[in-house]
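Contents: one structure, followed by commentary.
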There are 2 protein chains.
Amino acid sequence: MSQVAQLFGEVSAQQLRAACSGCNLKELCLPLGLGDAEMEQLERLIHKGHAAKKGDALYRAGATFTALYAVKAGCFKTCVISEDGREQVTGFHMSGEIIGMDAISTERHTCNAIALEDSEICEIPFARLEDLCRKIPALQRHFYKVMSREIVRDHGVMLLLGNMKAEERLAAFLLNLSQRFQSRGYSPREFNLRMTREEIGSFLGLKLETVSRIFSKFQEEGMVKVNNRQIELIDTPRLKHLLNGCQP
Amino acid sequence: MSQVAQLFGEVSAQQLRAACSGCNLKELCLPLGLGDAEMEQLERLIHKGHAAKKGDALYRAGATFTALYAVKAGCFKTCVISEDGREQVTGFHMSGEIIGMDAISTERHTCNAIALEDSEICEIPFARLEDLCRKIPALQRHFYKVMSREIVRDHGVMLLLGNMKAEERLAAFLLNLSQRFQSRGYSPREFNLRMTREEIGSFLGLKLETVSRIFSKFQEEGMVKVNNRQIELIDTPRLKHLLNGCQP
DNA sequence: CGCCATCTTGATTTTCGTCAAGGTTAGTGG
DNA sequence: CCACTAACCTTGACGAAAATCAAGATGGCG
């Protein structure tokens with residue numbers, strides 16, 4: 001479990017609140033201990049959220065960077081495209097997660113963010129966030145942590161891609177999703193995938209056929225029930241066991 | 001070339017200067033346009049550098065986080081260790097690079113940083129850096145960029161691990177090293193590796209035997225000259241060509 | 001000078017990718 | 001509401017790539 005958390009990083013309640021601040025500022029206020037004046041400033045920071053239809057690009061590589069985005073509802077994938085056209089999904093992002101931080105360095109986005117279902121996002125103009133961070137130390141510290149968490153998550157994915165076998169990768173993926181759904185108040189046992197087998201494969205460094213085969217194998221072995229994109233985890237302990245190189 | 005830069009990220013002159021600030025603050029001063037008073041504050045921020053012998057751990061996973069580290073001279077590897085003991089090298093870090101940013105999120109280090117040769121580092125106490133960032137907006141922005149660059153670099157490694165074949169990975173690795181040596185004023189054509197085949201393999205998601213075989217193959221094909229850890233790049237264009245999925 | 005870590009190379013096995021065919025689902029428009 | 005289509009998924013057979021196992025060779029360091 002801590003393995004999984006380590007692998008992908010997990011959204012803290014704090015991060016969740018921060019991201020939701022577009023809709024519910026009071027939630028953000030509590031952990032940061034902000035006063036009324038500060039809260040009002042924060043309120044002005046967050047643009048009113050807007051909607052993205054399934055398949056829409058929130059931003060594309062090369063676009064000039066002006067804002068970060070907090071996923072309010074729905075699900076996005078981010079992917080980098082290499083010069084010769086290879087696509088690597090770098091992450092799947094659910095409510096409460098902040099995306100676009102890769103663009104800060106060059107002031108241009110370096111990846112594409114695509115909505116996997118109809119979604120809602122909050123735009124966070126970066127220049128204004130920077131100002132506010134200077135004025136509110138707790139917010140500054142929080143934002144550093146959000147960026148750092150992304151780095152830790154990426155390191156976990158590197159471990160997965162560099163060291164794990166196909167079955168271990170898929171087990172890690174399912175357990176990570178399960179945990180993220182749970183932390184959002186949904187069932188950790190049953191959930192619907194928002195992405196295709198190909199997108200899962202791209203993220204895990206596998207081909208879609210391999211992903212499909214392993215789903216079937218897991219089902220045969222009674223660890224999960226797979227019905228197209230509907231997943232039920234039957235034997236979570238065994239999945240975790242698989243992850244740890246099959247040592248108890 | 002831009003492919004390689006995209007793959008691993010590259011140290012900007014700016015980042016280099018910032019990291020070197022422990023030794024030469026004037027260099028940092030120029031791009032940020034700081035005044036004398038600000039410079040003095042910055043000077044106080046950076047502890048006097050200290051030395052690390054080959055094999056020393058700068059920090060280990062689990063250690064409480066107090067400071068970032070700028071590599072002043074030498075070379076470090078950072079690696080995450082999974083629960084079941086698998087080690088994944090997440091990066092090799094040369095002079096001018098800042099490491100330890102993964103620790104900001106949990107206030108504990110999440111990876112090990114090991115010196116690959118006798119090295120010198122500057123300690124940057126994080127709490128004081130935060131303070132200073134609030135006072136010097138240019139520094140704040142710069143630090144966000146440094147963290148963002150790390151995220152971009154990690155995405156490049158994910159692309160490498162998820163999409164590339166063994167030969168492409170090693171070609172990317174060599175070209176990246178070449179570029180980094182060049183930007184530090186060393187020859188981009190001849191250089192010495194500081195890491196073992198096993199460490200290269202861990203970083204690239206390969207076994208050491210595979211790394212060794214591909215070195216031999218590259219040499220047979222006249223692309224590089226390999227003499228233990230001494231590398232000479234003979235046919236850089238062909239290496240780049242290999243990277244791009246062999247399309248011109 | 002000798003030892004231990006590191007590296008190379010070969011033979012074999014395993015894993016996963018590729019190619020191919022067919023089935024299922026969701027979404028569209030009549 | 002249903003038929004149709006395109007996207008998506010599953011499964012099998014085969015092949016390629018890299019891991020594993022094994023045996024020496026080399027070189028750096030005490």
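Residues in the structure tokens are named by chain (A, B, ... in the order shown) and by number from 1 within that chain; ligands are numbered from 1 in the order shown.
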For the structure I just gave you, how does DSSP split range 197-244 of chain B - specifically, which residues are alpha helix (DSSP H)? Reply as JSON, numbers by chain. {"B": [197, 198, 199, 200, 201, 202, 203, 204, 208, 209, 210, 211, 212, 213, 214, 215, 216, 217, 218, 219, 220, 236, 237, 238, 239, 240, 241, 242, 243]}
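For chain C, the residues no farther than 9 Å from chain B when using only C-alpha atoms (C1' of nucleotides) are DT6, DC7, DT8 and DT9 of chain C.
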Could you save those same residues with N, CA and C atoms (P, O5', C5', C4', C3', O3' and C1' of nucleotides) as a compact mmCIF listing (two decimals), in the first residue's frame?
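Here's the written file part-v7.txt:
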```txt
# COMPACT_ATOMS: atom_id res chain seq x y z
P DT C 6 31.78 -2.50 -8.49
O5' DT C 6 32.18 -2.72 -10.01
C5' DT C 6 33.37 -2.10 -10.50
C4' DT C 6 33.67 -2.65 -11.87
C3' DT C 6 32.49 -2.61 -12.84
O3' DT C 6 32.85 -1.73 -13.88
C1' DT C 6 33.71 -4.63 -13.00
P DC C 7 31.80 -1.35 -15.02
O5' DC C 7 32.19 -2.40 -16.15
C5' DC C 7 33.51 -2.36 -16.69
C4' DC C 7 33.71 -3.56 -17.57
C3' DC C 7 32.69 -3.73 -18.71
O3' DC C 7 33.39 -3.49 -19.93
C1' DC C 7 33.22 -5.80 -17.64
P DT C 8 32.60 -3.56 -21.32
O5' DT C 8 32.78 -5.09 -21.71
C5' DT C 8 34.05 -5.56 -22.10
C4' DT C 8 33.96 -7.02 -22.47
C3' DT C 8 33.02 -7.33 -23.63
O3' DT C 8 33.79 -7.90 -24.66
C1' DT C 8 32.70 -8.85 -21.82
P DT C 9 33.25 -7.98 -26.14
O5' DT C 9 32.71 -9.46 -26.21
C5' DT C 9 33.54 -10.52 -25.74
C4' DT C 9 32.72 -11.77 -25.57
C3' DT C 9 31.63 -12.00 -26.61
O3' DT C 9 32.01 -13.12 -27.41
C1' DT C 9 30.90 -12.55 -24.41
```
Identify every residue of chain D that has at least one atom within 9 Å of any atom of chain A, counting only C-alpha atoms (C1' of nucleotides), and report the result as a PyMOL selection string. chain D and resi 8-11
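CA of Gly100 in chain B to CA of Tyr69 in chain B spans 6.4 Å [interatomic distance, one decimal].
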Of the residues B:Ala67, B:Ala52, B:Leu161, B:Ala138, which is the one nearest to Pro125 in chain B, using only C-alpha atoms? B:Ala67
